[in-house]
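Q: Dropping in query_11.json, which is JSON, C-alpha atoms:
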```
[["chain", "number", "residue", "atom", "x", "y", "z"],
["A", 1, "MET", "CA", -8.40, 21.57, -20.08],
["A", 2, "ASN", "CA", -6.10, 18.55, -19.98],
["A", 3, "ASN", "CA", -6.50, 14.88, -19.11],
["A", 4, "THR", "CA", -4.72, 15.14, -15.74],
["A", 5, "SER", "CA", -7.01, 14.22, -12.85],
["A", 6, "ILE", "CA", -7.32, 16.83, -10.11],
["A", 7, "LEU", "CA", -10.12, 15.10, -8.16],
["A", 8, "ALA", "CA", -11.27, 11.50, -8.38],
["A", 9, "GLY", "CA", -13.82, 9.41, -6.50],
["A", 10, "THR", "CA", -13.58, 5.60, -6.59],
["A", 11, "ASP", "CA", -16.36, 3.13, -5.71],
["A", 12, "LEU", "CA", -18.15, 5.72, -3.57],
["A", 13, "VAL", "CA", -20.99, 4.43, -1.42],
["A", 14, "LYS", "CA", -23.02, 6.62, 0.92],
["A", 15, "LYS", "CA", -26.14, 5.54, 2.79],
["A", 16, "PHE", "CA", -28.30, 7.35, 5.31],
["A", 17, "ARG", "CA", -30.43, 5.74, 7.99],
["A", 18, "ILE", "CA", -33.88, 7.32, 8.02],
["A", 19, "SER", "CA", -36.92, 6.85, 10.23],
["A", 20, "SER", "CA", -40.44, 6.43, 8.90],
["A", 21, "ARG", "CA", -43.72, 7.40, 10.55],
["A", 22, "ASN", "CA", -44.09, 4.01, 12.17],
["A", 23, "GLU", "CA", -40.63, 4.53, 13.73],
["A", 24, "SER", "CA", -39.01, 1.76, 11.70],
["A", 25, "THR", "CA", -35.70, 2.62, 10.06],
["A", 26, "ALA", "CA", -34.50, 2.12, 6.52],
["A", 27, "LEU", "CA", -31.29, 2.74, 4.61],
["A", 28, "LEU", "CA", -31.45, 5.36, 1.89],
["A", 29, "THR", "CA", -28.81, 4.78, -0.76],
["A", 30, "ALA", "CA", -27.51, 8.15, -1.96],
["A", 31, "LEU", "CA", -24.37, 6.85, -3.72],
["A", 32, "ASP", "CA", -24.04, 3.29, -4.97],
["A", 33, "GLY", "CA", -20.54, 2.53, -6.26],
["A", 34, "VAL", "CA", -19.88, 5.84, -8.01],
["A", 35, "ASN", "CA", -16.65, 6.44, -9.93],
["A", 36, "LEU", "CA", -15.98, 10.02, -10.98],
["A", 37, "ASN", "CA", -12.86, 11.63, -12.41],
["A", 38, "VAL", "CA", -12.62, 15.43, -12.65],
["A", 39, "ARG", "CA", -9.97, 16.64, -15.08],
["A", 40, "THR", "CA", -7.85, 19.71, -14.46],
["A", 41, "GLY", "CA", -9.40, 22.79, -16.05],
["A", 42, "GLU", "CA", -12.66, 21.22, -17.17],
["A", 43, "THR", "CA", -16.22, 22.22, -16.33],
["A", 44, "LEU", "CA", -18.08, 19.04, -15.38],
["A", 45, "GLY", "CA", -21.87, 19.01, -15.18],
["A", 46, "ILE", "CA", -23.84, 16.60, -12.99],
["A", 47, "ALA", "CA", -27.53, 16.14, -13.84],
["A", 48, "GLY", "CA", -30.45, 14.00, -12.73],
["A", 49, "GLU", "CA", -33.76, 14.15, -10.89],
["A", 50, "SER", "CA", -34.10, 15.25, -7.27],
["A", 51, "GLY", "CA", -32.98, 12.44, -4.99],
["A", 52, "CYS", "CA", -30.51, 10.89, -7.42],
["A", 53, "GLY", "CA", -27.48, 11.70, -5.25],
["A", 54, "LYS", "CA", -26.00, 14.75, -7.02],
["A", 55, "SER", "CA", -25.56, 16.93, -3.92],
["A", 56, "THR", "CA", -24.27, 14.03, -1.82],
["A", 57, "LEU", "CA", -21.66, 13.30, -4.49],
["A", 58, "ALA", "CA", -20.57, 16.95, -4.51],
["A", 59, "LYS", "CA", -20.17, 17.02, -0.70],
["A", 60, "VAL", "CA", -18.21, 13.77, -0.67],
["A", 61, "MET", "CA", -15.90, 14.99, -3.44],
["A", 62, "ALA", "CA", -15.39, 18.28, -1.58],
["A", 63, "GLY", "CA", -14.47, 16.49, 1.65],
["A", 64, "LEU", "CA", -17.52, 17.83, 3.48],
["A", 65, "MET", "CA", -18.91, 14.32, 3.94],
["A", 66, "GLN", "CA", -17.17, 10.97, 4.39],
["A", 67, "PRO", "CA", -18.19, 8.04, 2.16],
["A", 68, "ASP", "CA", -19.16, 4.76, 3.82],
["A", 69, "VAL", "CA", -17.13, 2.88, 1.21],
["A", 70, "GLY", "CA", -14.67, 4.10, -1.41],
["A", 71, "SER", "CA", -12.17, 6.91, -1.56],
["A", 72, "VAL", "CA", -11.49, 10.39, -2.92],
["A", 73, "ARG", "CA", -8.13, 11.44, -4.33],
["A", 74, "TYR", "CA", -6.85, 14.99, -4.76],
["A", 75, "ARG", "CA", -4.01, 15.16, -7.26],
["A", 76, "ASP", "CA", -3.69, 11.37, -6.95],
["A", 77, "VAL", "CA", -3.33, 11.42, -3.14],
["A", 78, "LEU", "CA", -6.04, 9.91, -0.93],
["A", 79, "LEU", "CA", -7.75, 12.52, 1.23],
["A", 80, "THR", "CA", -7.39, 10.15, 4.16],
["A", 81, "ASP", "CA", -3.59, 10.13, 3.63],
["A", 82, "LEU", "CA", -3.21, 13.89, 3.65],
["A", 83, "ALA", "CA", -1.47, 15.42, 6.66],
["A", 84, "LYS", "CA", -3.54, 17.91, 8.64],
["A", 85, "ASN", "CA", -2.06, 21.00, 6.95],
["A", 86, "ASP", "CA", -2.35, 19.41, 3.50],
["A", 87, "TYR", "CA", -6.00, 18.49, 4.18],
["A", 88, "LEU", "CA", -6.77, 22.05, 5.29],
["A", 89, "ASN", "CA", -5.11, 23.27, 2.09],
["A", 90, "PHE", "CA", -7.33, 20.90, 0.06],
["A", 91, "ARG", "CA", -10.42, 22.25, 1.81],
["A", 92, "ARG", "CA", -9.33, 25.79, 0.99],
["A", 93, "LYS", "CA", -8.60, 24.87, -2.63],
["A", 94, "THR", "CA", -12.02, 23.22, -3.03],
["A", 95, "GLN", "CA", -14.87, 25.68, -2.52],
["A", 96, "MET", "CA", -18.65, 25.25, -2.80],
["A", 97, "ILE", "CA", -21.40, 27.60, -3.95],
["A", 98, "PHE", "CA", -24.82, 26.61, -2.65],
["A", 99, "GLN", "CA", -28.33, 26.78, -4.07],
["A", 100, "ASP", "CA", -29.68, 29.23, -1.50],
["A", 101, "PRO", "CA", -27.24, 32.15, -1.28],
["A", 102, "PHE", "CA", -29.04, 33.71, 1.71],
["A", 103, "SER", "CA", -28.76, 30.68, 3.99],
["A", 104, "SER", "CA", -25.05, 30.31, 3.16],
["A", 105, "LEU", "CA", -24.31, 33.85, 4.44],
["A", 106, "ASN", "CA", -24.31, 34.98, 8.06],
["A", 107, "PRO", "CA", -27.19, 37.50, 8.21],
["A", 108, "ARG", "CA", -25.46, 39.38, 11.07],
["A", 109, "MET", "CA", -22.20, 39.81, 9.17],
["A", 110, "ARG", "CA", -21.51, 42.61, 6.70],
["A", 111, "ILE", "CA", -20.66, 41.26, 3.28],
["A", 112, "GLY", "CA", -17.16, 42.71, 3.37],
["A", 113, "ASP", "CA", -16.46, 40.70, 6.51],
["A", 114, "SER", "CA", -17.98, 37.55, 4.96],
["A", 115, "ILE", "CA", -15.83, 37.82, 1.86],
["A", 116, "SER", "CA", -12.68, 38.60, 3.88],
["A", 117, "GLU", "CA", -13.03, 35.56, 6.20],
["A", 118, "PRO", "CA", -11.03, 33.25, 3.88],
["A", 119, "LEU", "CA", -8.36, 35.96, 3.62],
["A", 120, "LYS", "CA", -8.02, 36.08, 7.40],
["A", 121, "ILE", "CA", -7.79, 32.30, 7.59],
["A", 122, "ALA", "CA", -5.08, 32.35, 4.91],
["A", 123, "GLY", "CA", -3.11, 34.82, 7.02],
["A", 124, "MET", "CA", -3.35, 37.90, 4.79],
["A", 125, "ALA", "CA", -2.35, 41.10, 6.59],
["A", 126, "ALA", "CA", -5.37, 43.11, 7.71],
["A", 127, "ILE", "CA", -4.09, 46.19, 5.91],
["A", 128, "ASN", "CA", -4.35, 44.34, 2.55],
["A", 129, "GLN", "CA", -7.68, 42.61, 3.09],
["A", 130, "ARG", "CA", -9.98, 45.50, 2.14],
["A", 131, "ASP", "CA", -8.21, 46.08, -1.17],
["A", 132, "GLU", "CA", -8.47, 42.37, -2.01],
["A", 133, "VAL", "CA", -12.17, 42.28, -1.05],
["A", 134, "VAL", "CA", -12.85, 45.31, -3.27],
["A", 135, "ARG", "CA", -10.97, 43.63, -6.14],
["A", 136, "ILE", "CA", -12.99, 40.41, -5.84],
["A", 137, "MET", "CA", -16.28, 42.29, -5.47],
["A", 138, "SER", "CA", -15.52, 44.19, -8.65],
["A", 139, "ALA", "CA", -14.68, 40.93, -10.45],
["A", 140, "VAL", "CA", -18.15, 39.49, -9.67],
["A", 141, "GLY", "CA", -20.05, 42.69, -10.49],
["A", 142, "LEU", "CA", -20.55, 44.14, -6.99],
["A", 143, "ASP", "CA", -19.96, 47.79, -6.10],
["A", 144, "ALA", "CA", -17.29, 48.59, -3.52],
["A", 145, "GLY", "CA", -19.74, 51.00, -1.87],
["A", 146, "GLN", "CA", -21.82, 47.98, -0.80],
["A", 147, "ILE", "CA", -19.04, 46.50, 1.32],
["A", 148, "ASN", "CA", -20.64, 47.43, 4.69],
["A", 149, "ARG", "CA", -24.16, 46.25, 3.87],
["A", 150, "PHE", "CA", -25.85, 43.14, 5.27],
["A", 151, "PRO", "CA", -27.10, 40.19, 3.15],
["A", 152, "ASP", "CA", -30.79, 41.07, 3.54],
["A", 153, "GLU", "CA", -30.14, 44.36, 1.73],
["A", 154, "PHE", "CA", -29.37, 42.51, -1.52],
["A", 155, "SER", "CA", -31.43, 40.75, -4.18],
["A", 156, "GLY", "CA", -31.13, 37.00, -4.76],
["A", 157, "GLY", "CA", -28.81, 37.49, -7.72],
["A", 158, "GLN", "CA", -26.58, 39.88, -5.77],
["A", 159, "ARG", "CA", -26.41, 37.43, -2.84],
["A", 160, "GLN", "CA", -25.29, 34.69, -5.21],
["A", 161, "ARG", "CA", -22.54, 37.03, -6.45],
["A", 162, "ILE", "CA", -21.51, 37.52, -2.81],
["A", 163, "GLY", "CA", -21.37, 33.73, -2.37],
["A", 164, "ILE", "CA", -19.19, 33.43, -5.48],
["A", 165, "ALA", "CA", -16.93, 36.25, -4.24],
["A", 166, "ARG", "CA", -16.53, 34.53, -0.86],
["A", 167, "ALA", "CA", -15.55, 31.29, -2.60],
["A", 168, "LEU", "CA", -13.06, 33.08, -4.85],
["A", 169, "ALA", "CA", -11.44, 34.84, -1.89],
["A", 170, "ALA", "CA", -10.04, 31.47, -0.81],
["A", 171, "ALA", "CA", -8.06, 31.30, -4.10],
["A", 172, "PRO", "CA", -9.55, 27.91, -5.01],
["A", 173, "GLU", "CA", -8.50, 25.48, -7.72],
["A", 174, "ILE", "CA", -11.87, 23.70, -7.76],
["A", 175, "LEU", "CA", -15.27, 25.39, -7.57],
["A", 176, "ILE", "CA", -18.32, 23.17, -6.94],
["A", 177, "ALA", "CA", -21.65, 24.89, -7.58],
["A", 178, "ASP", "CA", -24.75, 23.06, -6.29],
["A", 179, "GLU", "CA", -27.79, 24.32, -8.24],
["A", 180, "PRO", "CA", -26.33, 27.86, -8.33],
["A", 181, "VAL", "CA", -29.15, 29.43, -10.37],
["A", 182, "SER", "CA", -32.27, 27.36, -9.63],
["A", 183, "SER", "CA", -33.63, 29.82, -7.04],
["A", 184, "LEU", "CA", -33.13, 32.86, -9.29],
["A", 185, "ASP", "CA", -35.31, 34.55, -11.91],
["A", 186, "ILE", "CA", -34.67, 33.52, -15.51],
["A", 187, "SER", "CA", -33.08, 36.86, -16.45],
["A", 188, "ILE", "CA", -30.71, 36.68, -13.47],
["A", 189, "GLN", "CA", -29.84, 33.04, -14.15],
["A", 190, "ALA", "CA", -28.17, 33.98, -17.44],
["A", 191, "GLN", "CA", -26.09, 36.66, -15.70],
["A", 192, "ILE", "CA", -24.83, 34.22, -13.03],
["A", 193, "ILE", "CA", -24.07, 31.53, -15.62],
["A", 194, "ASN", "CA", -22.07, 33.98, -17.71],
["A", 195, "LEU", "CA", -20.30, 35.18, -14.54],
["A", 196, "LEU", "CA", -19.27, 31.62, -13.64],
["A", 197, "MET", "CA", -17.92, 31.07, -17.15],
["A", 198, "ARG", "CA", -15.89, 34.26, -16.92],
["A", 199, "MET", "CA", -14.59, 33.44, -13.44],
["A", 200, "LYS", "CA", -13.45, 30.00, -14.67],
["A", 201, "THR", "CA", -11.18, 31.70, -17.19],
["A", 202, "ASP", "CA", -10.09, 34.66, -15.07],
["A", 203, "PHE", "CA", -9.25, 32.56, -12.00],
["A", 204, "ASN", "CA", -8.07, 29.41, -13.86],
["A", 205, "LEU", "CA", -10.64, 27.14, -12.18],
["A", 206, "THR", "CA", -11.78, 23.56, -12.48],
["A", 207, "MET", "CA", -15.56, 23.49, -11.98],
["A", 208, "MET", "CA", -18.32, 21.05, -11.09],
["A", 209, "ILE", "CA", -21.84, 22.33, -11.78],
["A", 210, "ILE", "CA", -24.88, 20.49, -10.40],
["A", 211, "SER", "CA", -28.18, 21.33, -12.08],
["A", 212, "HIS", "CA", -31.58, 19.98, -13.04],
["A", 213, "ASN", "CA", -31.37, 22.13, -16.15],
["A", 214, "LEU", "CA", -29.64, 20.24, -18.93],
["A", 215, "MET", "CA", -29.69, 23.27, -21.22],
["A", 216, "VAL", "CA", -27.67, 25.23, -18.65],
["A", 217, "LEU", "CA", -25.14, 22.40, -18.48],
["A", 218, "ARG", "CA", -25.02, 22.13, -22.27],
["A", 219, "HIS", "CA", -24.10, 25.81, -22.44],
["A", 220, "ILE", "CA", -21.48, 25.90, -19.70],
["A", 221, "CYS", "CA", -19.94, 22.41, -19.44],
["A", 222, "ASP", "CA", -17.26, 20.46, -21.28],
["A", 223, "ARG", "CA", -18.63, 17.12, -20.07],
["A", 224, "ILE", "CA", -21.91, 16.01, -18.47],
["A", 225, "VAL", "CA", -22.52, 13.12, -16.08],
["A", 226, "ILE", "CA", -26.05, 11.73, -15.69],
["A", 227, "MET", "CA", -27.01, 10.21, -12.33],
["A", 228, "TYR", "CA", -29.95, 7.95, -11.51],
["A", 229, "LEU", "CA", -30.73, 6.50, -8.06],
["A", 230, "GLY", "CA", -27.22, 6.95, -6.73],
["A", 231, "ALA", "CA", -25.35, 5.70, -9.80],
["A", 232, "ILE", "CA", -23.81, 7.28, -12.88],
["A", 233, "VAL", "CA", -25.60, 5.92, -15.96],
["A", 234, "GLU", "CA", -23.89, 8.02, -18.63],
["A", 235, "SER", "CA", -20.93, 10.35, -19.07],
["A", 236, "ALA", "CA", -20.10, 12.14, -22.32],
["A", 237, "PRO", "CA", -18.87, 15.43, -23.79],
["A", 238, "ALA", "CA", -21.72, 17.93, -23.63],
["A", 239, "ALA", "CA", -22.24, 18.19, -27.39],
["A", 240, "ARG", "CA", -22.18, 14.44, -27.96],
["A", 241, "LEU", "CA", -24.59, 13.79, -25.11],
["A", 242, "PHE", "CA", -27.29, 15.79, -26.89],
["A", 243, "ASP", "CA", -26.48, 14.43, -30.35],
["A", 244, "ARG", "CA", -25.97, 10.73, -29.54],
["A", 245, "CYS", "CA", -26.96, 9.88, -25.98],
["A", 246, "ARG", "CA", -26.64, 6.18, -25.13],
["A", 247, "HIS", "CA", -28.85, 5.64, -22.09],
["A", 248, "PRO", "CA", -32.68, 5.73, -22.24],
["A", 249, "TYR", "CA", -32.77, 7.81, -19.05],
["A", 250, "THR", "CA", -30.66, 10.50, -20.73],
["A", 251, "GLU", "CA", -32.95, 10.28, -23.75],
["A", 252, "ALA", "CA", -35.97, 10.82, -21.50],
["A", 253, "LEU", "CA", -34.40, 13.85, -19.80],
["A", 254, "ILE", "CA", -33.61, 15.42, -23.17],
["A", 255, "ALA", "CA", -37.11, 14.60, -24.44],
["A", 256, "ALA", "CA", -38.56, 16.57, -21.52],
["A", 257, "ILE", "CA", -36.81, 19.77, -22.62],
["A", 258, "PRO", "CA", -39.49, 21.94, -24.29],
["A", 259, "GLY", "CA", -38.85, 22.33, -28.01],
["A", 260, "PHE", "CA", -35.63, 20.36, -28.09],
["A", 261, "GLY", "CA", -35.73, 17.65, -30.75],
["A", 262, "TYR", "CA", -38.97, 15.92, -29.77],
["A", 263, "SER", "CA", -42.54, 16.57, -30.75],
["A", 264, "PRO", "CA", -44.69, 17.64, -27.80],
["A", 265, "HIS", "CA", -47.11, 14.90, -28.87],
["A", 266, "ASP", "CA", -44.47, 12.16, -28.67],
["A", 267, "SER", "CA", -44.99, 11.06, -25.08],
["A", 268, "THR", "CA", -43.36, 7.64, -25.52],
["A", 269, "ALA", "CA", -39.90, 9.10, -24.90],
["A", 270, "LEU", "CA", -40.93, 10.75, -21.65],
["A", 271, "LEU", "CA", -40.42, 9.19, -18.24],
["A", 272, "LYS", "CA", -43.26, 7.11, -16.90],
["A", 273, "ASP", "CA", -44.09, 6.92, -13.20],
["A", 274, "ASP", "CA", -42.15, 8.60, -10.40],
["A", 275, "LEU", "CA", -38.59, 7.99, -9.30],
["A", 276, "PRO", "CA", -38.47, 4.77, -7.22],
["A", 277, "SER", "CA", -37.54, 5.15, -3.57],
["A", 278, "PRO", "CA", -33.79, 5.16, -2.93],
["A", 279, "THR", "CA", -34.58, 2.92, 0.07],
["A", 280, "ASN", "CA", -35.73, 0.21, -2.36],
["A", 281, "ILE", "CA", -33.64, 0.35, -5.54],
["A", 282, "PRO", "CA", -34.99, -1.98, -8.27],
["A", 283, "PRO", "CA", -32.90, -5.12, -8.88],
["A", 284, "GLY", "CA", -30.89, -5.54, -12.05],
["A", 285, "CYS", "CA", -31.02, -2.43, -14.19],
["A", 286, "ARG", "CA", -32.26, 0.21, -11.76],
["A", 287, "PHE", "CA", -34.01, 2.11, -14.58],
["A", 288, "HIS", "CA", -36.06, -0.79, -15.97],
["A", 289, "PRO", "CA", -39.40, 0.06, -14.25],
["A", 290, "ARG", "CA", -39.50, 3.37, -16.16],
["A", 291, "CYS", "CA", -37.73, 2.35, -19.37],
["A", 292, "ARG", "CA", -39.68, 2.20, -22.62],
["A", 293, "TYR", "CA", -37.16, -0.31, -24.04],
["A", 294, "ALA", "CA", -37.20, -2.71, -21.07],
["A", 295, "GLU", "CA", -37.61, -6.42, -21.80],
["A", 296, "SER", "CA", -37.37, -9.48, -19.62],
["A", 297, "MET", "CA", -33.85, -9.99, -20.99],
["A", 298, "CYS", "CA", -32.30, -6.64, -21.99]]
```
Would it be possible to restate this file's structure as structure tokens?

A:
Amino acid sequence: MNNTSILAGTDLVKKFRISSRNESTALLTALDGVNLNVRTGETLGIAGESGCGKSTLAKVMAGLMQPDVGSVRYRDVLLTDLAKNDYLNFRRKTQMIFQDPFSSLNPRMRIGDSISEPLKIAGMAAINQRDEVVRIMSAVGLDAGQINRFPDEFSGGQRQRIGIARALAAAPEILIADEPVSSLDISIQAQIINLLMRMKTDFNLTMMIISHNLMVLRHICDRIVIMYLGAIVESAPAARLFDRCRHPYTEALIAAIPGFGYSPHDSTALLKDDLPSPTNIPPGCRFHPRCRYAESMC
């Protein structure tokens, strides 16, 4: 890892207009002035409760969604300034792995054809595609004899390996994994986590990992970013975050980890109440309604 930025988001704002039961509309704030810098070769973790904006941030950084305000730079060039071919190259170099591996695969397409799609788009000769697919399948722990099977013939863990193989076939520089193990059994989760760590080294990747599970991020990431209601509230090296976190929200998330540093009877460190609605973000410090340290003048 070095300090060179490969991907950077500046002042990112993203809002969605939603309709309620009484047919009135409201603006849901998914990103609220987010600044994020991803360094070449690092594994960056993004954590926070459901609805905090993690997945929206990943899609904006990957160019799959346009921010309402702010910009994304790839190797210090604005995505909006990239020529068409350069933008297509960025999209190929930035690949996503999704939470549900089954829904991200075409159920009518054999897995060999799914994995080879990026090779076809890149212009690889058809005669070489099968050998490359077999090589990538082997790298992620799939048997070459499975190449003509359909997605519904595989387990959840195997389907996630197929999703990883398909992403790797595009020869990416950046791999963004959105909750890649949350839908899998505990025993399979460890296998996929270890696979991602190995692929990072073998394919020289920069990675962004989104997860609710801070222990997963502690194990796999160089740096962890904590999000709350569309904003980043803390960013620190993984080890330091657990040893000396600075934000009470981070403290509360760590306190909720069973057996990690807090007595199960010490409920004062735990979060109180539910996450406020992102359509009505609290004024001032957005965390103050749930913060055990909150005062009228913090």

Q: I need the residue nearest Thr43 in chain A from this list: A:Asp76, A:Glu179, A:Asp222, A:Asp113. Use all atoms listed in the file for the distance.

A: A:Asp222

Q: Would you mind listing what lies within 10 Å of range 150-154 of chain A as a PyMOL selection string, with all atoms listed in the file counted and same-chain residues fewer than 4 positions away left out?

A: chain A and resi 101-103+105-114+146+158-160+162

Q: Could you give me, as a ChimeraX atom specification, the residues within 6 Å of range 232-242 of chain A, counting all atoms listed in the file and dropping anything in the same chain fewer than 2 positions from it?

A: /A:218,222-227,244-245

Q: Neighbours of Asn213 in chain A within 10 Å (all atoms listed in the file; same-chain residues fewer than 2 positions away dropped), as a ChimeraX atom specification?

A: /A:46-49,179,181-182,210-211,215-218,253-254,257

Q: Based on the selection just made, write C-alpha atoms of those residues as an mmCIF file, in the frame of the given file.

A:
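That gives us again.cif:
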```cif
data_model
loop_
_atom_site.group_PDB
_atom_site.id
_atom_site.type_symbol
_atom_site.label_atom_id
_atom_site.label_comp_id
_atom_site.auth_asym_id
_atom_site.auth_seq_id
_atom_site.Cartn_x
_atom_site.Cartn_y
_atom_site.Cartn_z
ATOM 1 C CA ILE A 46 -23.840 16.600 -12.990
ATOM 2 C CA ALA A 47 -27.530 16.140 -13.840
ATOM 3 C CA GLY A 48 -30.450 14.000 -12.730
ATOM 4 C CA GLU A 49 -33.760 14.150 -10.890
ATOM 5 C CA GLU A 179 -27.790 24.320 -8.240
ATOM 6 C CA VAL A 181 -29.150 29.430 -10.370
ATOM 7 C CA SER A 182 -32.270 27.360 -9.630
ATOM 8 C CA ILE A 210 -24.880 20.490 -10.400
ATOM 9 C CA SER A 211 -28.180 21.330 -12.080
ATOM 10 C CA MET A 215 -29.690 23.270 -21.220
ATOM 11 C CA VAL A 216 -27.670 25.230 -18.650
ATOM 12 C CA LEU A 217 -25.140 22.400 -18.480
ATOM 13 C CA ARG A 218 -25.020 22.130 -22.270
ATOM 14 C CA LEU A 253 -34.400 13.850 -19.800
ATOM 15 C CA ILE A 254 -33.610 15.420 -23.170
ATOM 16 C CA ILE A 257 -36.810 19.770 -22.620
#
```

Q: A:Ala256, A:Ala139, A:Met207, A:Leu57: which is nearest Gly41 in chain A, counting all atoms listed in the file?

A: A:Met207

Q: I need the residue nearest Pro258 in chain A from this list: A:Leu229, A:Val38, A:Ile164, A:Leu214. Use all atoms listed in the file for the distance.

A: A:Leu214

Q: Near Leu78 in chain A, within 12 Å and counting all atoms listed in the file, which residues show up once chain neighbours fewer than 4 positions away are dropped, as a PyMOL selection string?

A: chain A and resi 6-10+61+63+70-74+82-83+86-87+90

Q: Put those residues in a file: C-alpha atoms, as a PDB file, in the coordinates of the input.

A:
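The resulting out03.pdb:
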```
ATOM      1  CA  ILE A   6      -7.320  16.830 -10.110  1.00  0.00           C
ATOM      2  CA  LEU A   7     -10.120  15.100  -8.160  1.00  0.00           C
ATOM      3  CA  ALA A   8     -11.270  11.500  -8.380  1.00  0.00           C
ATOM      4  CA  GLY A   9     -13.820   9.410  -6.500  1.00  0.00           C
ATOM      5  CA  THR A  10     -13.580   5.600  -6.590  1.00  0.00           C
ATOM      6  CA  MET A  61     -15.900  14.990  -3.440  1.00  0.00           C
ATOM      7  CA  GLY A  63     -14.470  16.490   1.650  1.00  0.00           C
ATOM      8  CA  GLY A  70     -14.670   4.100  -1.410  1.00  0.00           C
ATOM      9  CA  SER A  71     -12.170   6.910  -1.560  1.00  0.00           C
ATOM     10  CA  VAL A  72     -11.490  10.390  -2.920  1.00  0.00           C
ATOM     11  CA  ARG A  73      -8.130  11.440  -4.330  1.00  0.00           C
ATOM     12  CA  TYR A  74      -6.850  14.990  -4.760  1.00  0.00           C
ATOM     13  CA  LEU A  82      -3.210  13.890   3.650  1.00  0.00           C
ATOM     14  CA  ALA A  83      -1.470  15.420   6.660  1.00  0.00           C
ATOM     15  CA  ASP A  86      -2.350  19.410   3.500  1.00  0.00           C
ATOM     16  CA  TYR A  87      -6.000  18.490   4.180  1.00  0.00           C
ATOM     17  CA  PHE A  90      -7.330  20.900   0.060  1.00  0.00           C
TER      18      PHE A  90
END
```

Q: Have a look at CA of Ile147 in chain A and CA of Ser116 in chain A and let me know their distance in Å, one decimal.

A: 10.5 Å

Q: Could you check the closest approach to His288 in chain A for each of A:Gly33, A:Lys272, A:Ile220, A:Ala231 and tell me which residue wins, using only C-alpha atoms?

A: A:Lys272

Q: Need the shell around Ala169 in chain A: protein/DNA/RNA residues with any atom at most 9 Å away, counting only C-alpha atoms. Skip same-chain ones fewer than 3 positions apart. Format as a list in words?

A: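 Close residues of Ala169 in chain A: Ile115, Ser116, Glu117, Pro118, Leu119, Glu132, Val133, Ile136, Ile164, Ala165, Arg166 and Pro172 of chain A.
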
Q: Work out how far apart CA of Val69 in chain A and CA of Lys14 in chain A are and give it in Å to one decimal.

A: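 Between these atoms lies a distance of 7.0 Å.
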
Q: What is the CA of Asp274 in chain A-CA of Ala252 in chain A distance in Å, reported with one decimal?

A: 12.9 Å

Q: Could you give me the axis-aligned bounding box of range 224-237 of chain A, with 5 Å of padding per side, as centre plus edge lengths in Å to one decimal, as JSON?

A:
```
{"center_x": -24.8, "center_y": 10.9, "center_z": -15.3, "size_x": 21.9, "size_y": 20.3, "size_z": 27.1}
```

Q: Rank A:Pro283, A:Pro276, A:Gly230, A:Gly145 by their smallest atom-to-atom distance to Ser55 in chain A, using only C-alpha atoms, and report the top residue only.

A: A:Gly230

Q: Taking all atoms listed in the file into account, which of A:Gln99, A:Ser5, A:Thr279, A:Asn148 comes nearest Gln189 in chain A?

A: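 Closest to Gln189 in chain A, using all atoms listed in the file: A:Gln99.
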
Q: Could you add whatever atoms are missing so that range 91-98 of chain A carries N, CA, C and O atoms, then write the result as a PDB file, in the coordinates of the input?

A:
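Below you can see selection20.pdb, which holds the result:
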```pdb
ATOM      1  N   ARG A  91      -9.118  21.658   1.525  1.00  0.00           N
ATOM      2  CA  ARG A  91     -10.420  22.250   1.810  1.00  0.00           C
ATOM      3  C   ARG A  91     -10.478  23.700   1.348  1.00  0.00           C
ATOM      4  O   ARG A  91     -11.524  24.180   0.885  1.00  0.00           O
ATOM      5  N   ARG A  92      -9.359  24.412   1.466  1.00  0.00           N
ATOM      6  CA  ARG A  92      -9.330  25.790   0.990  1.00  0.00           C
ATOM      7  C   ARG A  92      -9.355  25.847  -0.536  1.00  0.00           C
ATOM      8  O   ARG A  92      -9.994  26.723  -1.122  1.00  0.00           O
ATOM      9  N   LYS A  93      -8.691  24.880  -1.174  1.00  0.00           N
ATOM     10  CA  LYS A  93      -8.600  24.870  -2.630  1.00  0.00           C
ATOM     11  C   LYS A  93      -9.861  24.353  -3.301  1.00  0.00           C
ATOM     12  O   LYS A  93     -10.016  24.465  -4.522  1.00  0.00           O
ATOM     13  N   THR A  94     -10.774  23.761  -2.495  1.00  0.00           N
ATOM     14  CA  THR A  94     -12.020  23.220  -3.030  1.00  0.00           C
ATOM     15  C   THR A  94     -13.185  23.938  -2.360  1.00  0.00           C
ATOM     16  O   THR A  94     -13.496  23.689  -1.198  1.00  0.00           O
ATOM     17  N   GLN A  95     -13.822  24.841  -3.094  1.00  0.00           N
ATOM     18  CA  GLN A  95     -14.870  25.680  -2.520  1.00  0.00           C
ATOM     19  C   GLN A  95     -16.231  25.366  -3.143  1.00  0.00           C
ATOM     20  O   GLN A  95     -16.321  24.991  -4.313  1.00  0.00           O
ATOM     21  N   MET A  96     -17.292  25.532  -2.333  1.00  0.00           N
ATOM     22  CA  MET A  96     -18.650  25.250  -2.800  1.00  0.00           C
ATOM     23  C   MET A  96     -19.488  26.522  -2.850  1.00  0.00           C
ATOM     24  O   MET A  96     -19.342  27.411  -2.017  1.00  0.00           O
ATOM     25  N   ILE A  97     -20.367  26.571  -3.846  1.00  0.00           N
ATOM     26  CA  ILE A  97     -21.400  27.600  -3.950  1.00  0.00           C
ATOM     27  C   ILE A  97     -22.728  26.875  -3.835  1.00  0.00           C
ATOM     28  O   ILE A  97     -22.977  25.899  -4.552  1.00  0.00           O
ATOM     29  N   PHE A  98     -23.600  27.348  -2.953  1.00  0.00           N
ATOM     30  CA  PHE A  98     -24.820  26.610  -2.650  1.00  0.00           C
ATOM     31  C   PHE A  98     -26.042  27.202  -3.356  1.00  0.00           C
ATOM     32  O   PHE A  98     -26.021  28.341  -3.829  1.00  0.00           O
TER      33      PHE A  98
END
```
